[in-house]
Every structure is written in C-alpha cells, then in structure tokens.
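Notes follow the structure.
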Amino acid sequence: MRELTRRRNVLFVADEIQSGLGRTGRTFACDHEGVVPDVYLLGKALGGGVVPVSAVVADRDVLGVFRPGEHGSTFGGNPLACAVALEVIAMLRTGEYQERAAELGDHLHAELGLLVGGGTVEAVRGRGLWAGGRRPVEGHGPGGLGAAARPGVLVKDTHGSTIRIAPPLVISKEDLDWGLEQLRGCWRADARGGRECRDLRGEAPVRVGTDH
C-alpha cells in the first residue's frame, strides 16, 4: 500500500490512534513493517489516560496546505492537554515503554495462546500489550466481560466474537498475571456452561455462560 500510494501520489494516512505510542512494542504499529506514512492520526495514549487530546501529524508539505483561520478545533490548544501530550512524547523518547510493551506482550500472547482450543478460545492475535481473543460463540456470553469485571478486570467486547485486552504500558508483570488468571477462570467457566457470580455493584447474580 505504501508503494502504491507513493506511485499514485496519494497520501498514506495511518490511523495509529489505538495502535500508536508504544502499544504494540514499537512507537508506531507501522514501524513493524518499516513503513513511514505521510500522515499519522494520534490520540488516546497521547493524553496519558488523563486528558482527551488527539493530533494529526505530518510534514509541513502536507499540513502547510492549511492557512490560519481555515481550520479550527473546539478543544484545540488546551494548555493542560498539550502539557500532558508533551510529557508523554518525552517519556516515549527513551524507548523504555516500547521495550516493556514488547517484553510483556510476548508474555501476554504466550499465556493467552495456552487457552486456544478446548472450547475456551479459538484464536489469539495482536502485538505487544494489545491482544484479541476470539471466543467460539458469537456474543461469547458475559464470561469474559461481566464476570471479569467482578474481580476488577475490564476488557472490551469487539465485533461480537472477540475480547480485546489492552493493559496499560506501566502494568507490572505481577498485575498482568493476576488479570490473566481472572480471565482464564471466567473463560473456562463460560466454556463449561456457566456459573453464578455477581457484578462489581453487588447486584443480582448474573449467569456466566453461552446460555445467558
């Protein structure tokens, strides 16, 4: 795609809002492929998990087409958000967090890979501290979501059949292992047909299983 867009003089825009800034074990996911796009879209981690901020990053040849007054933003120039974003960029310059994401990511994927088969997880994919575990059943019941939230593990339902796992880049190996153990217990119970549990609010019990 990079070569095709270069030949046709078309801008290559990389959406690195979720995958960028160390998440995959490199500063940008594109770095794994040795690709430098014309435009990066950044957000989420840019605010350090504290403030909402995003950015469009490109050379002056690209962004220079905008003249003062032609483009605006409701939240543009927020001093606090800009200060946090600059600190995030400074922290990433050392490469420490990219290296952590790569090392812990290898551990994360190895542990998740042990769950593949046996009706628990069909496949695992991802890079660094970013993984998707595809469940055997569409919707996969609350075993990976509601039940995992009970002990304090928050994961994301993605497209109905995949659970996305994206722990913070500052997570310790001990906390990562603890979270994985909670997920293993929930997923295995789900595969066995369910069990009773309560959510974080201590409300009525929910049935964990594909028959929920």
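We name chains A, B, ... following the order of the structure tokens; residues begin at 1 in each chain, and ligands are numbered from 1 as shown.
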Name the residues of segment 40-205 of chain A that fall into strand (DSSP E or B) according to DSSP on the backbone, using the chain letters and numbers of this document, as a PDB file with N, CA and C atoms, in the first residue's frame.
```pdb
ATOM      1  N   TYR A  40       0.081  10.741  10.307  1.00  0.00           N
ATOM      2  CA  TYR A  40      -0.285   9.917  11.459  1.00  0.00           C
ATOM      3  C   TYR A  40      -1.496  10.539  12.145  1.00  0.00           C
ATOM      4  N   LEU A  41      -2.451   9.700  12.537  1.00  0.00           N
ATOM      5  CA  LEU A  41      -3.539  10.135  13.400  1.00  0.00           C
ATOM      6  C   LEU A  41      -3.269   9.573  14.788  1.00  0.00           C
ATOM      7  N   LEU A  42      -3.182  10.459  15.790  1.00  0.00           N
ATOM      8  CA  LEU A  42      -2.831  10.046  17.150  1.00  0.00           C
ATOM      9  C   LEU A  42      -3.890  10.490  18.146  1.00  0.00           C
ATOM     10  N   ALA A  55      -4.181  14.296  17.724  1.00  0.00           N
ATOM     11  CA  ALA A  55      -3.294  15.075  16.867  1.00  0.00           C
ATOM     12  C   ALA A  55      -3.239  14.480  15.465  1.00  0.00           C
ATOM     13  N   VAL A  56      -3.077  15.344  14.498  1.00  0.00           N
ATOM     14  CA  VAL A  56      -2.768  14.957  13.127  1.00  0.00           C
ATOM     15  C   VAL A  56      -1.329  15.386  12.888  1.00  0.00           C
ATOM     16  N   VAL A  57      -0.472  14.433  12.559  1.00  0.00           N
ATOM     17  CA  VAL A  57       0.958  14.701  12.458  1.00  0.00           C
ATOM     18  C   VAL A  57       1.432  14.439  11.033  1.00  0.00           C
ATOM     19  N   ALA A  58       2.110  15.416  10.454  1.00  0.00           N
ATOM     20  CA  ALA A  58       2.638  15.269   9.097  1.00  0.00           C
ATOM     21  C   ALA A  58       3.710  16.322   8.868  1.00  0.00           C
ATOM     22  N   VAL A 116      -5.935 -21.531  23.756  1.00  0.00           N
ATOM     23  CA  VAL A 116      -6.524 -21.856  22.456  1.00  0.00           C
ATOM     24  C   VAL A 116      -6.871 -23.341  22.403  1.00  0.00           C
ATOM     25  N   GLY A 117      -8.100 -23.618  21.999  1.00  0.00           N
ATOM     26  CA  GLY A 117      -8.575 -24.993  21.947  1.00  0.00           C
ATOM     27  C   GLY A 117      -9.385 -25.342  23.178  1.00  0.00           C
ATOM     28  N   VAL A 121     -10.914 -20.582  23.859  1.00  0.00           N
ATOM     29  CA  VAL A 121     -10.551 -19.517  22.929  1.00  0.00           C
ATOM     30  C   VAL A 121     -10.183 -20.151  21.601  1.00  0.00           C
ATOM     31  N   ALA A 123      -8.790 -18.429  18.862  1.00  0.00           N
ATOM     32  CA  ALA A 123      -7.562 -17.859  18.306  1.00  0.00           C
ATOM     33  C   ALA A 123      -7.192 -16.605  19.080  1.00  0.00           C
ATOM     34  N   VAL A 124      -5.908 -16.292  19.062  1.00  0.00           N
ATOM     35  CA  VAL A 124      -5.401 -15.079  19.698  1.00  0.00           C
ATOM     36  C   VAL A 124      -4.541 -14.344  18.686  1.00  0.00           C
ATOM     37  N   ARG A 125      -4.713 -13.051  18.593  1.00  0.00           N
ATOM     38  CA  ARG A 125      -3.887 -12.258  17.677  1.00  0.00           C
ATOM     39  C   ARG A 125      -3.584 -10.906  18.310  1.00  0.00           C
ATOM     40  N   GLY A 126      -2.630 -10.212  17.736  1.00  0.00           N
ATOM     41  CA  GLY A 126      -2.278  -8.899  18.261  1.00  0.00           C
ATOM     42  C   GLY A 126      -0.783  -8.705  18.294  1.00  0.00           C
ATOM     43  N   ALA A 131      -4.120  -7.417  22.553  1.00  0.00           N
ATOM     44  CA  ALA A 131      -4.460  -8.762  22.099  1.00  0.00           C
ATOM     45  C   ALA A 131      -5.962  -8.910  21.932  1.00  0.00           C
ATOM     46  N   GLY A 132      -6.341  -9.781  21.020  1.00  0.00           N
ATOM     47  CA  GLY A 132      -7.736 -10.132  20.826  1.00  0.00           C
ATOM     48  C   GLY A 132      -7.890 -11.634  20.941  1.00  0.00           C
ATOM     49  N   GLY A 133      -8.792 -12.054  21.801  1.00  0.00           N
ATOM     50  CA  GLY A 133      -9.083 -13.471  21.935  1.00  0.00           C
ATOM     51  C   GLY A 133     -10.452 -13.769  21.357  1.00  0.00           C
ATOM     52  N   ARG A 134     -10.491 -14.565  20.301  1.00  0.00           N
ATOM     53  CA  ARG A 134     -11.770 -14.875  19.663  1.00  0.00           C
ATOM     54  C   ARG A 134     -12.430 -16.043  20.360  1.00  0.00           C
ATOM     55  N   LYS A 156     -12.737  -5.390  26.616  1.00  0.00           N
ATOM     56  CA  LYS A 156     -13.660  -4.795  25.658  1.00  0.00           C
ATOM     57  C   LYS A 156     -14.203  -5.847  24.700  1.00  0.00           C
ATOM     58  N   ASP A 157     -15.521  -5.820  24.524  1.00  0.00           N
ATOM     59  CA  ASP A 157     -16.177  -6.668  23.527  1.00  0.00           C
ATOM     60  C   ASP A 157     -15.982  -6.029  22.153  1.00  0.00           C
ATOM     61  N   THR A 158     -15.427  -6.780  21.218  1.00  0.00           N
ATOM     62  CA  THR A 158     -15.119  -6.246  19.893  1.00  0.00           C
ATOM     63  C   THR A 158     -15.772  -7.090  18.813  1.00  0.00           C
ATOM     64  N   THR A 162     -14.921 -11.279  19.650  1.00  0.00           N
ATOM     65  CA  THR A 162     -13.548 -11.105  20.112  1.00  0.00           C
ATOM     66  C   THR A 162     -13.509 -10.219  21.347  1.00  0.00           C
ATOM     67  N   ILE A 163     -12.711 -10.615  22.322  1.00  0.00           N
ATOM     68  CA  ILE A 163     -12.481  -9.803  23.513  1.00  0.00           C
ATOM     69  C   ILE A 163     -11.116  -9.151  23.383  1.00  0.00           C
ATOM     70  N   ARG A 164     -11.102  -7.835  23.461  1.00  0.00           N
ATOM     71  CA  ARG A 164      -9.851  -7.081  23.319  1.00  0.00           C
ATOM     72  C   ARG A 164      -9.231  -6.841  24.687  1.00  0.00           C
ATOM     73  N   ILE A 165      -7.956  -7.104  24.782  1.00  0.00           N
ATOM     74  CA  ILE A 165      -7.205  -6.923  26.022  1.00  0.00           C
ATOM     75  C   ILE A 165      -6.109  -5.896  25.761  1.00  0.00           C
ATOM     76  N   ARG A 195     -21.634 -20.370  35.473  1.00  0.00           N
ATOM     77  CA  ARG A 195     -21.694 -20.426  36.922  1.00  0.00           C
ATOM     78  C   ARG A 195     -22.316 -19.125  37.399  1.00  0.00           C
ATOM     79  N   GLU A 196     -22.625 -19.049  38.677  1.00  0.00           N
ATOM     80  CA  GLU A 196     -23.217 -17.841  39.224  1.00  0.00           C
ATOM     81  C   GLU A 196     -22.117 -16.897  39.699  1.00  0.00           C
ATOM     82  N   CYS A 197     -22.316 -15.593  39.472  1.00  0.00           N
ATOM     83  CA  CYS A 197     -21.387 -14.610  40.009  1.00  0.00           C
ATOM     84  C   CYS A 197     -22.127 -13.293  40.160  1.00  0.00           C
TER      85      CYS A 197
END
```
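Residues within 6 Å of segment 169-172 of chain A, counting only C-alpha atoms and excluding same-chain residues fewer than 2 positions away, are Ala101, Glu174 and Asp175 of chain A.
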Keeping only N, CA, C and O atoms, write those residues as a short mmCIF file (atom, residue, chain, number, x, y, z; two decimals), in the first residue's frame.
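Result file is part33.cif:
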```
data_model
loop_
_atom_site.label_atom_id
_atom_site.label_comp_id
_atom_site.auth_asym_id
_atom_site.auth_seq_id
_atom_site.Cartn_x
_atom_site.Cartn_y
_atom_site.Cartn_z
N ALA A 101 6.41 -2.91 26.56
CA ALA A 101 5.24 -3.42 25.84
C ALA A 101 5.61 -4.65 25.02
O ALA A 101 4.82 -5.59 24.90
N GLU A 174 3.36 -8.84 37.58
CA GLU A 174 2.53 -9.46 38.60
C GLU A 174 1.05 -9.12 38.38
O GLU A 174 0.17 -9.99 38.46
N ASP A 175 0.77 -7.86 38.11
CA ASP A 175 -0.62 -7.46 37.87
C ASP A 175 -1.15 -8.06 36.57
O ASP A 175 -2.32 -8.42 36.48
#
```
Which polymer residues have any atom within 8 Å of an atom of segment 36-39 of chain A, counting only C-alpha atoms, with same-chain residues fewer than 4 positions away left out, as a ChimeraX atom specification? /A:2,11-14,30-31,56-59,62
What would the file look like if the residues just selected were written as a short mmCIF file (atom, residue, chain, number, x, y, z; two decimals), in the first residue's frame with N, CA and C atoms?
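The resulting file, result30.cif, is shown below:
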```
data_model
loop_
_atom_site.label_atom_id
_atom_site.label_comp_id
_atom_site.auth_asym_id
_atom_site.auth_seq_id
_atom_site.Cartn_x
_atom_site.Cartn_y
_atom_site.Cartn_z
N ARG A 2 1.95 1.21 0.74
CA ARG A 2 2.83 2.38 0.78
C ARG A 2 3.42 2.65 -0.61
N LEU A 11 -1.82 10.41 -0.56
CA LEU A 11 -1.35 10.42 0.81
C LEU A 11 -1.67 9.08 1.51
N PHE A 12 -0.69 8.56 2.20
CA PHE A 12 -0.87 7.37 3.03
C PHE A 12 -1.14 7.86 4.45
N VAL A 13 -2.36 7.65 4.94
CA VAL A 13 -2.75 8.09 6.28
C VAL A 13 -2.83 6.88 7.20
N ALA A 14 -2.05 6.88 8.27
CA ALA A 14 -2.03 5.76 9.21
C ALA A 14 -2.82 6.12 10.46
N CYS A 30 3.15 0.93 12.44
CA CYS A 30 3.78 0.95 11.11
C CYS A 30 5.26 0.61 11.17
N ASP A 31 5.88 0.88 12.32
CA ASP A 31 7.32 0.63 12.45
C ASP A 31 7.65 -0.86 12.28
N VAL A 56 -3.08 15.34 14.50
CA VAL A 56 -2.77 14.96 13.13
C VAL A 56 -1.33 15.39 12.89
N VAL A 57 -0.47 14.43 12.56
CA VAL A 57 0.96 14.70 12.46
C VAL A 57 1.43 14.44 11.03
N ALA A 58 2.11 15.42 10.45
CA ALA A 58 2.64 15.27 9.10
C ALA A 58 3.71 16.32 8.87
N ASP A 59 4.41 16.19 7.75
CA ASP A 59 5.40 17.20 7.38
C ASP A 59 4.71 18.50 6.98
N VAL A 62 2.54 18.73 3.86
CA VAL A 62 1.16 18.26 3.93
C VAL A 62 0.29 19.21 4.73
#
```
What is the atom CA of Thr27 of chain A-atom CA of His109 of chain A distance in Å, reported with one decimal?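 Taking atom CA of Thr27 of chain A and atom CA of His109 of chain A, their separation equals 19.1 Å.
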Report as CSV the residues of segment 79-138 of chain A within 9 Å of segment 45-54 of chain A, each with its shortest atom pair and distance in Å (one decimal), using only C-alpha atoms, ordered by chain and increasing residue number.
```
residue,atom,partner,partner_atom,distance
A:Leu80,CA,A:Val51,CA,8.0
A:Ala81,CA,A:Val51,CA,5.8
A:Cys82,CA,A:Val53,CA,7.7
A:Val84,CA,A:Gly47,CA,5.9
A:Ala85,CA,A:Leu46,CA,5.2
A:Leu86,CA,A:Leu46,CA,8.4
A:Glu87,CA,A:Gly48,CA,8.6
A:Val88,CA,A:Leu46,CA,6.3
A:Ile89,CA,A:Leu46,CA,7.6
```
What parts of segment 59-94 of chain A does DSSP call helix (DSSP H, G or I)? I'd like the answer as a ChimeraX atom specification. /A:60-63,79-92
List as number ranges by chain the protein and nucleic acid residues near Gly118 of chain A, meaning an atom at most 10 Å away when only C-alpha atoms are counted, but skip any in the same chain fewer than 3 places from it. A: 115, 121-122, 136, 188, 191
Selection file, all heavy atoms, as a compact mmCIF listing (two decimals), in the first residue's frame:
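The resulting file, out_28.txt, is shown below:
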```txt
# COMPACT_ATOMS: atom_id res chain seq x y z
N LEU A 115 -4.58 -20.99 26.03
CA LEU A 115 -6.02 -21.18 26.16
C LEU A 115 -6.68 -21.59 24.86
O LEU A 115 -7.87 -21.94 24.84
CB LEU A 115 -6.67 -19.88 26.65
CG LEU A 115 -6.32 -19.42 28.07
CD1 LEU A 115 -6.91 -18.06 28.34
CD2 LEU A 115 -6.80 -20.43 29.09
N VAL A 121 -10.91 -20.58 23.86
CA VAL A 121 -10.55 -19.52 22.93
C VAL A 121 -10.18 -20.15 21.60
O VAL A 121 -9.42 -21.13 21.57
CB VAL A 121 -9.37 -18.68 23.46
CG1 VAL A 121 -8.99 -17.59 22.47
CG2 VAL A 121 -9.72 -18.05 24.81
N GLU A 122 -10.71 -19.63 20.51
CA GLU A 122 -10.42 -20.19 19.19
C GLU A 122 -9.10 -19.70 18.63
O GLU A 122 -8.38 -20.45 17.97
CB GLU A 122 -11.55 -19.84 18.22
CG GLU A 122 -12.82 -20.63 18.43
CD GLU A 122 -13.83 -20.38 17.33
OE1 GLU A 122 -13.73 -19.32 16.67
OE2 GLU A 122 -14.72 -21.22 17.13
N PRO A 136 -15.48 -18.96 20.89
CA PRO A 136 -16.13 -19.88 19.95
C PRO A 136 -17.55 -19.48 19.57
O PRO A 136 -18.03 -19.85 18.51
CB PRO A 136 -16.14 -21.21 20.72
CG PRO A 136 -15.09 -21.06 21.76
CD PRO A 136 -15.10 -19.62 22.13
N ARG A 188 -12.98 -20.24 31.23
CA ARG A 188 -13.13 -21.68 31.40
C ARG A 188 -14.50 -22.02 31.98
O ARG A 188 -15.13 -23.01 31.60
CB ARG A 188 -12.02 -22.22 32.29
CG ARG A 188 -10.69 -22.33 31.55
CD ARG A 188 -9.54 -22.62 32.49
NE ARG A 188 -8.30 -22.80 31.73
CZ ARG A 188 -7.09 -22.70 32.25
NH1 ARG A 188 -6.94 -22.41 33.55
NH2 ARG A 188 -6.02 -22.88 31.51
N ALA A 191 -16.92 -21.79 29.20
CA ALA A 191 -16.86 -22.95 28.30
C ALA A 191 -17.53 -24.17 28.91
O ALA A 191 -18.06 -25.02 28.20
CB ALA A 191 -15.40 -23.26 27.96
```
Atom CA of Arg135 of chain A to atom CA of Thr120 of chain A, straight-line distance in Å: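 Between atom CA of Thr120 of chain A and atom CA of Arg135 of chain A the gap works out to 6.7 Å.
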Which residues come within 9 Å of Leu180 of chain A, counting only C-alpha atoms, excluding same-chain residues fewer than 2 positions away, as number ranges by chain? A: 108, 111-112, 153, 175-178, 182-185
Applying 10 Å and only C-alpha atoms, which residues near Glu99 of chain A remain after dropping the ones on its own chain fewer than 6 positions away? List them as a PyMOL selection string. chain A and resi 22+24-27+105+128+169
Could those residues be written to a file, using N, CA, C and O atoms, as a CSV table (one decimal), in the first residue's frame?
```csv
chain,number,residue,atom,x,y,z
A,22,GLY,N,3.6,3.3,21.5
A,22,GLY,CA,4.2,2.2,22.3
A,22,GLY,C,3.3,1.0,22.5
A,22,GLY,O,3.8,-0.1,23.0
A,24,THR,N,2.1,-1.4,20.7
A,24,THR,CA,2.5,-2.7,20.0
A,24,THR,C,3.9,-3.2,20.3
A,24,THR,O,4.3,-4.2,19.7
A,25,GLY,N,4.6,-2.4,21.1
A,25,GLY,CA,6.0,-2.7,21.3
A,25,GLY,C,7.0,-1.9,20.4
A,25,GLY,O,8.2,-1.9,20.6
A,26,ARG,N,6.4,-1.1,19.6
A,26,ARG,CA,7.2,-0.1,18.8
A,26,ARG,C,6.5,1.2,19.0
A,26,ARG,O,5.3,1.3,19.4
A,27,THR,N,7.1,2.3,18.6
A,27,THR,CA,6.4,3.6,18.8
A,27,THR,C,5.1,3.7,18.0
A,27,THR,O,4.1,4.1,18.5
A,105,GLY,N,4.3,-8.0,26.2
A,105,GLY,CA,3.4,-8.5,25.2
A,105,GLY,C,3.7,-9.9,24.8
A,105,GLY,O,2.8,-10.7,24.6
A,128,GLY,N,2.4,-6.8,21.0
A,128,GLY,CA,2.7,-6.0,22.2
A,128,GLY,C,1.6,-6.2,23.2
A,128,GLY,O,1.0,-7.3,23.4
A,169,LEU,N,0.6,0.4,29.6
A,169,LEU,CA,2.0,0.1,29.4
A,169,LEU,C,2.8,0.1,30.7
A,169,LEU,O,4.0,-0.4,30.7
```
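Note that the spacing between atom CA of Leu104 of chain A and atom CA of Gly179 of chain A amounts to 13.0 Å.
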Minimum-distance residue to Ala29 of chain A, chosen among A:Ala148, A:Ile17, A:Ala90, A:Leu63 (using only C-alpha atoms):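 Of all the options, A:Ile17 lies closest to Ala29 of chain A.
Closest approach to Gln18 of chain A among A:Gly34, A:Gly95, A:Gly43, A:Gly69 is made by A:Gly43 (distances from only C-alpha atoms).
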